[in-house]
Amino acid sequence: MTRTILTYGLISGLIAILGIIGTIIGPGDHSVWLGYLIMLLALSAVLLGVKQHRDRVLGGVIKFWPAFLVGLGIAVIAGLVYVAIWEAYLALTHYTFMDGYIDNILAAKRSAGVTGAAYQKLAAEMEAMRRNYANPLFRMPMTFVEIFPVGLLVALASAALLRNPRFLPARSRPTAA
C-alpha cells in the first residue's frame, strides 16, 4: 500500500506542478480554471492508485474507508510534491513570481478603469500579500491548500466508486493452456 501511495502521489504531484508551471511560463492568458483542470487531470492518479490497490492487492474488492485512506495518502503525497517543486521553481526564478503576479493584477485593474482610492486600497492589499508570500511559513501551506482540497474530493469520489467491484472491474488474465 505504501508503494502505491508513494508512486501515484509522486506521479500526480509531478503532473500537476509541471502543468501549472507550464501555464505560467507559456504564452497567453491563463485562467484559474485551467490550473484546476490540470490539477484534476493529475489527481486522476488517485483513482488509478486506489484501483490498482483494490485489484492487485485486495483481489478486486475494497471497502469505502480503506479506499478513501489510500486515496487520501496519494493526495497528501501529491500535495507535498507540488509544494516542494513549487518552492524549487521559486528559488530558480529568484522568487519573482509574486512580483509579476501583482503587476498583472494591478495592470488589469488599471485597464478596467479602477482608479483613486479603490486602486490605492487594492495596491495596499497586494503589497501585504507580497510581504506574506515572502514568508515560507505562509507560502508553503497556501501552496498545499491549492491542490489538496481537489485531491480530497477525488479521493472521496474514488472511494465511493471503487467500493463497487463492478466499477472498472479487474481484467482477468488469460490462463495458460
# chains A, B, ... in the order shown; residues from 1 in each chain; ligands from 1
$ residues_around --residues "Ala134 of chain A" --least-positions-apart "3" --cutoff "12 Å" --atoms "only C-alpha atoms" --output "MDAnalysis selection string"
chainID A and resid 87 90:91 94:99 127:131 137:140 142
$ select_by_dssp --residues "segment 13-169 of chain A" --states "alpha helix (DSSP H)" --output "PyMOL selection string"
chain A and resi 13-25+32-42+44-52+64-92+97-111+116-133+136-162
$ residues_around --residues "segment 51-54 of chain A" --least-positions-apart "4" --cutoff "10 Å" --atoms "only C-alpha atoms" --output "list in words"
Met1, Arg3, Thr4, Ile5, Tyr8, Ala45, Val46, Leu47, Leu58, Gly59, Gly60, Val61, Ile62, Lys63, Pro66, Ala67, Val70, Gly71, Ser158, Ala159, Leu161, Leu162, Arg163, Pro165, Phe167, Leu168, Pro169 and Ala170 of chain A
$ write_last_selection --atoms "C-alpha atoms" --output "PDB file, in the first residue's frame"
ATOM      1  CA  MET A   1       0.000   0.000   0.000  1.00  0.00           C
ATOM      2  CA  ARG A   3       4.471   1.825  -2.506  1.00  0.00           C
ATOM      3  CA  THR A   4       1.177   2.502  -4.313  1.00  0.00           C
ATOM      4  CA  ILE A   5       0.616   5.702  -2.339  1.00  0.00           C
ATOM      5  CA  TYR A   8       0.840   7.505  -7.562  1.00  0.00           C
ATOM      6  CA  ALA A  45      -3.828   9.192 -10.417  1.00  0.00           C
ATOM      7  CA  VAL A  46      -5.741   8.879  -7.123  1.00  0.00           C
ATOM      8  CA  LEU A  47      -8.434   6.832  -8.863  1.00  0.00           C
ATOM      9  CA  LEU A  58      -7.137  -6.980  -2.398  1.00  0.00           C
ATOM     10  CA  GLY A  59      -8.384  -9.233  -5.180  1.00  0.00           C
ATOM     11  CA  GLY A  60     -10.837  -6.756  -6.717  1.00  0.00           C
ATOM     12  CA  VAL A  61     -12.786  -5.797  -3.587  1.00  0.00           C
ATOM     13  CA  ILE A  62     -12.292  -2.801  -1.299  1.00  0.00           C
ATOM     14  CA  LYS A  63     -14.433  -1.083   1.297  1.00  0.00           C
ATOM     15  CA  PRO A  66      -9.637   1.666   3.117  1.00  0.00           C
ATOM     16  CA  ALA A  67     -10.135   3.044  -0.412  1.00  0.00           C
ATOM     17  CA  VAL A  70      -5.295   5.070   0.079  1.00  0.00           C
ATOM     18  CA  GLY A  71      -6.691   7.950  -1.995  1.00  0.00           C
ATOM     19  CA  SER A 158     -12.713   7.303  -5.963  1.00  0.00           C
ATOM     20  CA  ALA A 159     -13.561   5.502  -2.730  1.00  0.00           C
ATOM     21  CA  LEU A 161     -16.942   4.464  -6.946  1.00  0.00           C
ATOM     22  CA  LEU A 162     -14.319   1.768  -6.425  1.00  0.00           C
ATOM     23  CA  ARG A 163     -16.022   0.138  -3.442  1.00  0.00           C
ATOM     24  CA  PRO A 165     -16.257  -4.231  -7.610  1.00  0.00           C
ATOM     25  CA  PHE A 167     -16.923  -0.347 -11.377  1.00  0.00           C
ATOM     26  CA  LEU A 168     -13.851  -0.696 -13.612  1.00  0.00           C
ATOM     27  CA  PRO A 169     -13.501  -4.396 -12.756  1.00  0.00           C
ATOM     28  CA  ALA A 170     -10.096  -6.012 -12.750  1.00  0.00           C
TER      29      ALA A 170
END
$ atom_distance --atom1 "atom CA of Leu6 of chain A" --atom2 "atom CA of Ile24 of chain A"
26.7 Å
$ closest_residue --among "A:Phe148, A:Tyr119, A:Phe68, A:Tyr101" --to "Ala42 of chain A" --atoms "only C-alpha atoms"
A:Phe148
$ closest_residue --among "A:Ala84, A:Ile15, A:Tyr36, A:Gly49" --to "Phe144 of chain A" --atoms "only C-alpha atoms"
A:Ala84
$ residues_around --residues "Arg110 of chain A" --least-positions-apart "5" --cutoff "12 Å" --atoms "only C-alpha atoms" --output "list in words"
Asp103, Asn104, Ile105, Thr115, Gly116, Ala118, Tyr119, Gln120, Leu122 and Ala123 of chain A
$ residues_around --residues "Leu10 of chain A" --least-positions-apart "3" --cutoff "10 Å" --atoms "only C-alpha atoms" --output "ChimeraX atom specification"
/A:4-7,13-16,45,74-82
$ write_last_selection --atoms "C-alpha atoms" --output "PDB file, in the first residue's frame"
ATOM      1  CA  THR A   4       1.177   2.502  -4.313  1.00  0.00           C
ATOM      2  CA  ILE A   5       0.616   5.702  -2.339  1.00  0.00           C
ATOM      3  CA  LEU A   6       4.154   6.967  -2.982  1.00  0.00           C
ATOM      4  CA  THR A   7       4.207   6.025  -6.659  1.00  0.00           C
ATOM      5  CA  GLY A  13       2.209  15.826  -7.908  1.00  0.00           C
ATOM      6  CA  LEU A  14       4.691  15.961 -10.792  1.00  0.00           C
ATOM      7  CA  ILE A  15       1.985  16.188 -13.446  1.00  0.00           C
ATOM      8  CA  ALA A  16       0.128  18.893 -11.506  1.00  0.00           C
ATOM      9  CA  ALA A  45      -3.828   9.192 -10.417  1.00  0.00           C
ATOM     10  CA  ILE A  74      -1.935   9.711  -2.615  1.00  0.00           C
ATOM     11  CA  ALA A  75      -3.452  13.205  -2.391  1.00  0.00           C
ATOM     12  CA  VAL A  76      -1.176  14.147   0.529  1.00  0.00           C
ATOM     13  CA  ILE A  77       1.950  12.956  -1.295  1.00  0.00           C
ATOM     14  CA  ALA A  78       0.820  14.797  -4.449  1.00  0.00           C
ATOM     15  CA  GLY A  79       0.357  17.955  -2.383  1.00  0.00           C
ATOM     16  CA  LEU A  80       3.797  17.650  -0.804  1.00  0.00           C
ATOM     17  CA  VAL A  81       5.441  17.084  -4.196  1.00  0.00           C
ATOM     18  CA  TYR A  82       3.517  20.073  -5.559  1.00  0.00           C
TER      19      TYR A  82
END
$ residues_around --residues "Gly22 of chain A" --least-positions-apart "5" --cutoff "12 Å" --atoms "only C-alpha atoms" --output "VMD selection string"
chain A and resid 14 to 17 27 to 28 30 34 to 35 38 86 89
$ write_last_selection --atoms "N, CA and C atoms" --output "PDB file, in the first residue's frame"
ATOM      1  N   LEU A  14       3.840  15.518  -9.682  1.00  0.00           N
ATOM      2  CA  LEU A  14       4.691  15.961 -10.792  1.00  0.00           C
ATOM      3  C   LEU A  14       3.862  16.481 -11.961  1.00  0.00           C
ATOM      4  N   ILE A  15       2.831  15.744 -12.336  1.00  0.00           N
ATOM      5  CA  ILE A  15       1.985  16.188 -13.446  1.00  0.00           C
ATOM      6  C   ILE A  15       1.331  17.532 -13.109  1.00  0.00           C
ATOM      7  N   ALA A  16       0.816  17.655 -11.895  1.00  0.00           N
ATOM      8  CA  ALA A  16       0.128  18.893 -11.506  1.00  0.00           C
ATOM      9  C   ALA A  16       1.063  20.090 -11.534  1.00  0.00           C
ATOM     10  N   ILE A  17       2.199  19.991 -10.898  1.00  0.00           N
ATOM     11  CA  ILE A  17       3.070  21.166 -10.783  1.00  0.00           C
ATOM     12  C   ILE A  17       3.737  21.490 -12.116  1.00  0.00           C
ATOM     13  N   PRO A  27       3.022  31.019 -23.274  1.00  0.00           N
ATOM     14  CA  PRO A  27       2.394  32.241 -23.769  1.00  0.00           C
ATOM     15  C   PRO A  27       0.897  32.252 -23.501  1.00  0.00           C
ATOM     16  N   GLY A  28       0.315  33.434 -23.495  1.00  0.00           N
ATOM     17  CA  GLY A  28      -1.129  33.571 -23.387  1.00  0.00           C
ATOM     18  C   GLY A  28      -1.595  33.892 -21.984  1.00  0.00           C
ATOM     19  N   HIS A  30      -3.755  32.955 -18.749  1.00  0.00           N
ATOM     20  CA  HIS A  30      -4.048  31.678 -18.105  1.00  0.00           C
ATOM     21  C   HIS A  30      -5.062  31.883 -16.994  1.00  0.00           C
ATOM     22  N   LEU A  34      -8.082  26.743 -15.780  1.00  0.00           N
ATOM     23  CA  LEU A  34      -7.106  25.886 -16.440  1.00  0.00           C
ATOM     24  C   LEU A  34      -6.218  25.209 -15.398  1.00  0.00           C
ATOM     25  N   GLY A  35      -5.810  25.956 -14.393  1.00  0.00           N
ATOM     26  CA  GLY A  35      -4.990  25.392 -13.326  1.00  0.00           C
ATOM     27  C   GLY A  35      -5.698  24.263 -12.600  1.00  0.00           C
ATOM     28  N   ILE A  38      -5.953  21.175 -14.784  1.00  0.00           N
ATOM     29  CA  ILE A  38      -4.676  20.443 -14.773  1.00  0.00           C
ATOM     30  C   ILE A  38      -4.563  19.623 -13.487  1.00  0.00           C
ATOM     31  N   TRP A  86       7.226  23.529  -6.393  1.00  0.00           N
ATOM     32  CA  TRP A  86       6.931  24.967  -6.486  1.00  0.00           C
ATOM     33  C   TRP A  86       8.005  25.779  -5.772  1.00  0.00           C
ATOM     34  N   TYR A  89      10.990  25.853  -7.980  1.00  0.00           N
ATOM     35  CA  TYR A  89      10.744  26.776  -9.086  1.00  0.00           C
ATOM     36  C   TYR A  89      10.923  28.224  -8.628  1.00  0.00           C
TER      37      TYR A  89
END
$ closest_residue --among "A:Met126, A:Ser31, A:Pro141, A:Val114" --to "Gly100 of chain A" --atoms "only C-alpha atoms"
A:Met126
$ atom_distance --atom1 "atom CA of Pro149 of chain A" --atom2 "atom CA of Gly73 of chain A"
12.9 Å
$ closest_residue --among "A:Ile20, A:Ile11, A:Leu92, A:Leu72" --to "Val32 of chain A" --atoms "only C-alpha atoms"
A:Ile20
